[in-house]
Every structure is written in structure tokens, then in C-alpha cells.
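S.K.: Shown below is the structure under consideration.
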Amino acid sequence: MSKGQWAVIIALIIGVLGVFGCLVPYLLVDMAGGVPSHLQVSIQPFDTGPELGARIAFTAWEQDDLAHEVYVMNADGSRLTNLTNHPSDDTEPSCSPDGGRIAFVSYRDGNGDIYVINTDGSGLFQVTHTSGEISCGSPSWSPDGTRIAFNSNLQDLENEDIYIINADSTGLTRLTTDPGEDQYPAWSPDGQRIAFDSSRGENITDLYLMNIDGTGLVQLTDTAHNWDGAPAWSPDGMRIAFFRMSGWPDGWQDADIYVINADATGLAQVTAGSDWDFGPSWSPDGGMIVFSFRPDQSLTYHIGMVNLDGTGRVSLSSLADSDAPSWCSDADVSGTELNEHTQPDDTAYSEYMSCSGEVMGGVKEDVSIWMDLALALLASDSTDMPGFCAELPKWSTQISESRDAHSECSVPESKYLQEHWRLRDKSLQEYSLAIECYEGYCASLAASDMQECADHLDRALDYLNQADEVMRQYLASVHHGE
């Protein structure tokens with residue numbers, strides 16, 4: 001058997017073992033609505049605070065670390081986690097709209113390139129591949145999570161412009177060509193426009209809007225003595241937050257967070273005081289802004305958070321030089337606040353778990369057969385490979401039928417169970433994509449395709465892990481009577 005064929009089988013076995021090891025806790029849930037005895041001792045719901053929810057990604061370095069890393073933490077500053085843990089600088093994180101991935105800039109290959117990583121630290125993928133004096137920065141996701149906008153000197157070494165690339169590293173498009181420095185793109189929630197800051201014109205730096213094809217340029221701010229930068233759209237797409245540094249040309253005096261309507265009206269100052277505030281990012285509900293700040297003009301950055309009206313300002317991260325925060329969507333279950341403890345009646349819960357459990361149990365049985373075939377292939381020669389590939393359309397049909405059946409399950413009115421259903425569905429979707437990927441492998445026998453297949457299996461496992469955690473939160477809320 002060739003090296004490529006061994007790769008497909010080994011990846012398959014590892015993937016399915018991981019995915020269905022994760023299913024065991026679901027199968028132990030009492031269909032009558034009770035809590036399994038093995039879950040009644042140490043399960044505790046996440047403590048993310050009464051109103052904050054979700055997680056915040058940012059970059060920082062510790063005293064014994066020579067490089068910046070990408071971290072995530074709860075919105076109350078707890079549960080700090082180093083995602084990248086690499087000796088080279090990792091900076092400028094940007095959370096995907098579904099909260100499941102983070103795009104960031106890394107210098108691990110010598111240049112500033114865009115990478116993507118799952119919010120649990122798995123699935124690292126390099127999106128851009130630069131060399132020489134070229135670098136990329138300030139990634140921003142499209143609302144559907146398929147593309148990334150960024151600034152780079154990719155096609156003009158003397159100038160930063162705005163580019164778009166697919167998250168799978170294909171389809172690079174240059175949007176701006178002005179001799180001014182165009183930076184910090186921010187994709188609008190409706191996917192139609194991109195905000196960015198630019199030094200074009202006679203001012204220092206102003207905010208601009210353009211269509212996603214580079215047309216329809218509109219100047220949003222126009223001030224001769226300020227630096228307006230790092231725009232960030234509100235979740236409803238009506239407003240844009242940004243930092244304003246004032247004092248030019250007599251010397252920069254301060255930097256604060258401002259908000260302006262997307263039609264250039266309604267300018268309002270959010271922060272004030274001696275701290276210098278930069279890089280805003282909105283909370284998922286649009287009520288708060290997280291940002292980086294330098295206390296009293298020091299050279300060290302920290303992460304702060306403030307209500308939209310300027311009240312309730314707090315400092316979050318104690319790590320040195322904490323910068324570039326990005327508030328992840330509530331879909332990031334590792335930090336999602338699920339504070340609605342309304343419990344469905346036993347019948348509704350039992351019916352949902354019976355329906356969902358039957359679907360996932362059927363998938364488990366199908367994949368067990370598939371894994372048996374894979375194990376048999378390990379003990380045989382490459383002549384059995386066509387037989388393995390011939391089975392894939394059947395598994396594809398079965399997983400499609402399982403998704404259809406899962407969509408028919410009646411989900412009770414509970415945040416926990418609705419999120420549990422959504423994550424199981426995402427897992428089935430990723431599993432389906434993995435099968436399609438293996439079908440592509442069978443068509444070309446190109447071992448280079450294996451990483452993509454393994455990535456789909458990794459994501460299937462990740463979604464099941466998240467669903468498992470949500471179910472544990474639900475069972476804990478039942479057990480603790482919340």
C-alpha cells in the first residue's frame with residue numbers, strides 16, 4: 001500500500017475513533033430526563049458573569065516569553081488560555097462570525113502572514129504565503145466566514161492596500177490602489193461594504209467605506225488634526241467604533257474611542273481621560289466595547305471594557321502588553337453564557353433526546369462498519385483500495401439522511417438544548433464534508449488532499465465536544481436546581 005493510501009486510512013481511523021468516543025456521554029443520558037450518576041458529582045456550569053457571555057481574543061506576552069501570543073479569555077477576564085504558544089510573534093486576532101475560528105497574523109515563517117486557528121487551539125491553517133519584504137495584517141472575516149479582508153504591501157512594496165482572500169487560501173483580490181496607506185479593513189455585518197482607515201488625501205488618517213468590489217468609495221470622517229483608525233462595525237451594521245488620536249501637528253495629546261453612524265452622522269465620544277485607548281471591538285449584543293489602552297501614556301497596553309455610554313469602564317487582562325482585542329460571537333460555546341435555566345418538561349426533553357440519540361446512534365453504527373473496512377485495508381494491499389472508495393457514496397447518502405432526520409427532531413425551548421442540536425448538526429455537516437473530501441481523494445489519489453479531510457474530521461469532533469459541554473451545562477443546571 002502506498003504512503004498516500006496509508007495516510008487516508010490512518011487519518012480515517014483516528015478521526016472516527018475520536019468522533020465516536022465523544023458520543024458516549026450522550027448515549028448515557030437517561031431518556032426519562034434524569035441525570036446520569038456519573039455526572040452528579042463534579043459538574044459545574046461555566047461562570048462567565050451575569051451579562052457578559054462569549055469570549056475575547058487578544059494578543060499579549062508574559063514576562064518569561066519573548067514573543068506575543070494569541071490568548072482567549074472570558075469576558076470577565078477569567079479562564080485565560082494561550083491558543084498559539086509559538087516562539088514567533090502571533091498578533092491581531094479576529095474572531096470568525098460563528099465564534100469557532102480566529103484569524104491572526106503570525107511571523108513564524110519570517111513574514112507577517114494570515115493564519116486561522118480553531119478557538120480550542122486546533123486546526124492551524126496558513127492562509128497567505130508571503131516572502132521577502134511583503135507582510136499582511138489586520139484580518140477581518142466576511143459575515144459568512146468564507147473570506148478574509150486584510151491589508152498588505154503584497155503588490156506594491158511601498159504601499160499598504162486592502163485585499164480579500166478566501167479562507168481556504170484561494171481567490172486573492174486587490175481592492176484598493178491609492179498611494180495612501182489603506183489599513184484595518186472591517187467587513188460590514190450585511191457583507192456589502194468594508195470600512196477601513198486611509199492616509200489618502202490631505203489629512204493624517206480618516207475613515208472610509210467602500211463596496212466589497214472596491215467601488216463606491218465614501219469618506220466617513222474628515223478631520224485635519226486627528227488620526228481616525230481601526231474601524232469596527234456594530235453587530236446591527238448601523239454604527240462604527242474607532243479610535244481618534246488628536247493633537248496633530250503640535251504633538252499627539254490623547255487617544256479615545258468614538259462611535260459614528262454608518263451614514264457619517266451622530267459622532268459620539270465613548271472614552272475619555274488620561275489613558276490612550278485604541279482598537280475597539282463590539283460585544284455581540286452591541287451594548288459594550290472592548291479595547292486596548294495605554295495607562296497614562298505608558299508603553300504597555302492593557303485590555304479594557306466599557307459600556308457604550310462611557311460608563312462602567314473596567315480593566316480585564318493582567319498580562320503584559322495586552323492588545324488588539326476581538327470579541328467573539330456567542331456561538332463560541334467554550335465561552336458562551338447560557339444563563340437561561342428554563343427546563344422543558346420531561347416529555348419534551350425525552351422526545352428530543354430519543355430523536356437526536358437515535359440519529360447519532362445510527363451514524364455511529366454506519367461508521368463502525370466503515371472503520372472495520374478501514375482496519376481490514378490496513379492488513380491488505382492496495383488492491384482493496386477501490387473497494388474502500390466504492391463504499392463512500394453509500395456513507396454519503398446515509399449521513400445526508402441522518403442530517404434530514406436530525407432536522408426533524410423537535411427541540412424544546414431551552415438555550416442549552418437548542419445549542420446542543422445546532423452543534424450536533426454542525427458535526428454531521430463536517431462529517432459529510434469529510435466523506436466528500438475522501439471521495440475527492442479516491443478520484444485523484446493525491447495524498448496532499450488528506451489534510452483537508454482530516455480538518456473536517458477534527459471539526460466534527462470539535463463540534464461534538466462543544467455539544468457535550470453544553471449538555472453537561474444543561475444537566476448541571478438541572479442538578480443544581482438553577
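Labeling convention for the C-alpha cells: chains A, B, ... as they appear, residues from 1 per chain, ligands from 1 in order of appearance.
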Report as an MDAnalysis selection string: the residues of range 26-193 of chain A with a DSSP assignment of strand (DSSP E), based on the backbone of this structure.
M.R.: chainID A and resid 55:61 69:74 81:82 90:95 101:106 113:118 125:126 136:141 147:152 161:166 173:174 182:187 193
S.K.: Considering only C-alpha atoms, return as a list of chain:residue names whatever protein or nucleic-acid residues lie within 10 Å of Leu217 in chain A, sequence-local ones (same chain, fewer than 2 positions apart) excluded.
M.R.: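 Contacts, with the query itself left out: A:Thr176, A:Arg193, A:Ile194, A:Ala195, A:Tyr208, A:Leu209, A:Met210, A:Asn211, A:Gly214, A:Thr215, A:Gln219, A:Leu220.
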S.K.: Do a neighbour search on Cys355 in chain A at 9 Å with only C-alpha atoms, toss out local chain neighbours closer than 6 positions, and write the hits as a PyMOL selection string.
M.R.: chain A and resi 405-406+408-410
S.K.: From a DSSP calculation on the backbone, collect every residue of range 149-385 of chain A in helix (DSSP H, G or I) and output the set as an mmCIF file with N, CA and C atoms, in the first residue's frame.
M.R.:
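After the write, selection24.cif holds the following:
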```cif
data_model
loop_
_atom_site.group_PDB
_atom_site.id
_atom_site.type_symbol
_atom_site.label_atom_id
_atom_site.label_comp_id
_atom_site.auth_asym_id
_atom_site.auth_seq_id
_atom_site.Cartn_x
_atom_site.Cartn_y
_atom_site.Cartn_z
ATOM 1 N N PRO A 295 -2.093 52.960 29.880
ATOM 2 C CA PRO A 295 -2.337 53.811 31.046
ATOM 3 C C PRO A 295 -1.345 54.969 31.120
ATOM 4 N N ASP A 296 -1.894 56.170 31.228
ATOM 5 C CA ASP A 296 -1.050 57.365 31.421
ATOM 6 C C ASP A 296 0.111 57.435 30.438
ATOM 7 N N GLN A 297 -0.156 57.101 29.188
ATOM 8 C CA GLN A 297 0.830 57.202 28.120
ATOM 9 C C GLN A 297 2.015 56.247 28.285
ATOM 10 N N ASP A 346 -40.476 16.819 31.159
ATOM 11 C CA ASP A 346 -39.800 15.549 30.930
ATOM 12 C C ASP A 346 -40.117 14.956 29.570
ATOM 13 N N THR A 347 -41.389 15.119 29.132
ATOM 14 C CA THR A 347 -41.790 14.527 27.856
ATOM 15 C C THR A 347 -41.044 15.172 26.699
ATOM 16 N N ALA A 348 -40.977 16.531 26.684
ATOM 17 C CA ALA A 348 -40.299 17.246 25.599
ATOM 18 C C ALA A 348 -38.818 16.890 25.567
ATOM 19 N N TYR A 349 -38.203 16.851 26.740
ATOM 20 C CA TYR A 349 -36.778 16.521 26.821
ATOM 21 C C TYR A 349 -36.542 15.085 26.352
ATOM 22 N N SER A 350 -37.394 14.164 26.808
ATOM 23 C CA SER A 350 -37.238 12.757 26.456
ATOM 24 C C SER A 350 -37.404 12.548 24.956
ATOM 25 N N GLU A 351 -38.395 13.235 24.358
ATOM 26 C CA GLU A 351 -38.623 13.091 22.919
ATOM 27 C C GLU A 351 -37.445 13.624 22.125
ATOM 28 N N TYR A 352 -36.902 14.765 22.559
ATOM 29 C CA TYR A 352 -35.757 15.324 21.838
ATOM 30 C C TYR A 352 -34.556 14.392 21.927
ATOM 31 N N MET A 353 -34.223 13.936 23.135
ATOM 32 C CA MET A 353 -33.049 13.096 23.303
ATOM 33 C C MET A 353 -33.221 11.757 22.594
ATOM 34 N N SER A 354 -34.456 11.257 22.553
ATOM 35 C CA SER A 354 -34.707 9.997 21.859
ATOM 36 C C SER A 354 -34.483 10.161 20.360
ATOM 37 N N CYS A 355 -35.008 11.266 19.806
ATOM 38 C CA CYS A 355 -34.861 11.533 18.368
ATOM 39 C C CYS A 355 -33.407 11.773 18.009
ATOM 40 N N SER A 356 -32.761 12.687 18.727
ATOM 41 C CA SER A 356 -31.371 13.020 18.426
ATOM 42 C C SER A 356 -30.452 11.836 18.684
ATOM 43 N N GLY A 357 -30.713 11.109 19.783
ATOM 44 C CA GLY A 357 -29.890 9.956 20.102
ATOM 45 C C GLY A 357 -30.007 8.852 19.074
ATOM 46 N N GLU A 358 -31.218 8.646 18.554
ATOM 47 C CA GLU A 358 -31.411 7.608 17.538
ATOM 48 C C GLU A 358 -30.644 7.947 16.273
ATOM 49 N N VAL A 359 -30.683 9.236 15.880
ATOM 50 C CA VAL A 359 -29.955 9.655 14.678
ATOM 51 C C VAL A 359 -28.458 9.437 14.861
ATOM 52 N N MET A 360 -27.925 9.940 15.964
ATOM 53 C CA MET A 360 -26.486 9.841 16.175
ATOM 54 C C MET A 360 -26.055 8.394 16.394
ATOM 55 N N GLY A 361 -26.917 7.583 17.016
ATOM 56 C CA GLY A 361 -26.606 6.170 17.172
ATOM 57 C C GLY A 361 -26.516 5.468 15.834
ATOM 58 N N GLY A 362 -27.416 5.850 14.893
ATOM 59 C CA GLY A 362 -27.359 5.272 13.556
ATOM 60 C C GLY A 362 -26.090 5.643 12.831
ATOM 61 N N VAL A 363 -25.670 6.893 12.994
ATOM 62 C CA VAL A 363 -24.412 7.321 12.386
ATOM 63 C C VAL A 363 -23.260 6.520 12.958
ATOM 64 N N LYS A 364 -23.299 6.313 14.275
ATOM 65 C CA LYS A 364 -22.225 5.542 14.914
ATOM 66 C C LYS A 364 -22.143 4.138 14.328
ATOM 67 N N GLU A 365 -23.301 3.517 14.102
ATOM 68 C CA GLU A 365 -23.305 2.158 13.550
ATOM 69 C C GLU A 365 -22.728 2.156 12.144
ATOM 70 N N ASP A 366 -23.105 3.158 11.332
ATOM 71 C CA ASP A 366 -22.587 3.227 9.973
ATOM 72 C C ASP A 366 -21.069 3.363 9.966
ATOM 73 N N VAL A 367 -20.566 4.233 10.823
ATOM 74 C CA VAL A 367 -19.135 4.483 10.816
ATOM 75 C C VAL A 367 -18.363 3.314 11.402
ATOM 76 N N SER A 368 -18.977 2.569 12.303
ATOM 77 C CA SER A 368 -18.316 1.373 12.813
ATOM 78 C C SER A 368 -18.033 0.406 11.672
ATOM 79 N N ILE A 369 -19.003 0.258 10.761
ATOM 80 C CA ILE A 369 -18.801 -0.602 9.599
ATOM 81 C C ILE A 369 -17.682 -0.043 8.731
ATOM 82 N N TRP A 370 -17.698 1.285 8.548
ATOM 83 C CA TRP A 370 -16.680 1.942 7.733
ATOM 84 C C TRP A 370 -15.297 1.743 8.345
ATOM 85 N N MET A 371 -15.212 1.857 9.661
ATOM 86 C CA MET A 371 -13.931 1.691 10.330
ATOM 87 C C MET A 371 -13.438 0.244 10.223
ATOM 88 N N ASP A 372 -14.365 -0.716 10.316
ATOM 89 C CA ASP A 372 -13.982 -2.122 10.142
ATOM 90 C C ASP A 372 -13.338 -2.340 8.773
ATOM 91 N N LEU A 373 -13.932 -1.688 7.746
ATOM 92 C CA LEU A 373 -13.371 -1.801 6.406
ATOM 93 C C LEU A 373 -11.983 -1.172 6.361
ATOM 94 N N ALA A 374 -11.821 -0.033 7.047
ATOM 95 C CA ALA A 374 -10.520 0.635 7.066
ATOM 96 C C ALA A 374 -9.472 -0.245 7.737
ATOM 97 N N LEU A 375 -9.857 -0.880 8.850
ATOM 98 C CA LEU A 375 -8.926 -1.762 9.550
ATOM 99 C C LEU A 375 -8.540 -2.955 8.679
ATOM 100 N N ALA A 376 -9.511 -3.460 7.938
ATOM 101 C CA ALA A 376 -9.204 -4.573 7.034
ATOM 102 C C ALA A 376 -8.208 -4.148 5.972
ATOM 103 N N LEU A 377 -8.336 -2.912 5.499
ATOM 104 C CA LEU A 377 -7.427 -2.408 4.480
ATOM 105 C C LEU A 377 -5.998 -2.319 5.005
ATOM 106 N N LEU A 378 -5.856 -2.030 6.295
ATOM 107 C CA LEU A 378 -4.520 -1.934 6.870
ATOM 108 C C LEU A 378 -3.762 -3.257 6.766
ATOM 109 N N SER A 382 -2.910 -2.723 -1.711
ATOM 110 C CA SER A 382 -3.608 -1.606 -2.335
ATOM 111 C C SER A 382 -4.723 -2.044 -3.272
ATOM 112 N N THR A 383 -4.802 -3.341 -3.592
ATOM 113 C CA THR A 383 -5.859 -3.785 -4.495
ATOM 114 C C THR A 383 -7.233 -3.613 -3.865
ATOM 115 N N ASP A 384 -7.296 -3.509 -2.521
ATOM 116 C CA ASP A 384 -8.584 -3.319 -1.866
ATOM 117 C C ASP A 384 -9.028 -1.862 -1.838
ATOM 118 N N MET A 385 -8.160 -0.955 -2.275
ATOM 119 C CA MET A 385 -8.495 0.460 -2.197
ATOM 120 C C MET A 385 -9.742 0.814 -3.003
#
```
S.K.: Just want the 9 Å neighbourhood of range 198-207 of chain A, counted on only C-alpha atoms, with same-chain residues fewer than 2 positions away dropped. Output as a ChimeraX atom specification.
M.R.: /A:178-184,195-196,209,218-231,242,248
S.K.: With only C-alpha atoms as the atoms that count, which of A:Thr84, A:Ser432, A:Ser396, A:Ser106 lies nearest to Gly123 in chain A?
M.R.: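 Counting only C-alpha atoms, the residue closest to Gly123 in chain A is A:Thr84.
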S.K.: Need to verify the contact set: Thr128 in chain A, 10 Å, only C-alpha atoms, exclusion of same-chain residues closer than 3 positions in sequence. Can you return it as JSON, numbers by chain?
M.R.: {"A": [105, 112, 113, 114, 115, 125, 135, 136, 165, 166, 167, 168, 169, 170, 172]}
S.K.: Find the spatial neighbours of Asp156 in chain A, counting only C-alpha atoms, within a cut-off of 9 Å - ignore same-chain residues fewer than 5 positions away - and output them as an NGL selection string.
M.R.: :A and (134 or 161 or 177)
S.K.: Nearest residue to Gly287 in chain A out of A:Met245, A:Leu308, A:Ile212, A:Leu428, using only C-alpha atoms?
M.R.: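 Ranking A:Met245, A:Leu308, A:Ile212, A:Leu428 by distance to Gly287 in chain A, first place goes to A:Leu308.
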S.K.: Closest to Asn118 in chain A among A:Val70, A:Leu175, A:Pro87, A:Glu133, using only C-alpha atoms?
M.R.: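 Under the stated criterion, the closest residue is A:Val70.
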S.K.: So which one's closest to Arg459 in chain A, A:Thr119, A:Ser142, A:Thr59, A:Thr300? Using only C-alpha atoms, please.
M.R.: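 Once distances to Arg459 in chain A are computed over only C-alpha atoms, the minimum belongs to A:Thr119.
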S.K.: Select, from A:Ala324, A:Ala390, A:Leu154, A:Ile260, the residue with the minimum atom-to-atom distance to Asp90 in chain A, counting only C-alpha atoms.
M.R.: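 Looking at the shortest contact to Asp90 in chain A, the residue is A:Ala324.
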S.K.: Go through A:Ala232, A:Ile117, A:Ala467, A:Cys328 and flag the residue nearest Cys95 in chain A, using only C-alpha atoms for the distances.
M.R.: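 Of the candidates, the smallest distance to Cys95 in chain A is held by A:Cys328.
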S.K.: Name all residues at most 6 Å from Val72 in chain A (count only C-alpha atoms; drop same-chain ones fewer than 3 positions away) and give them as a PyMOL selection string.
M.R.: chain A and resi 56-57+80-81
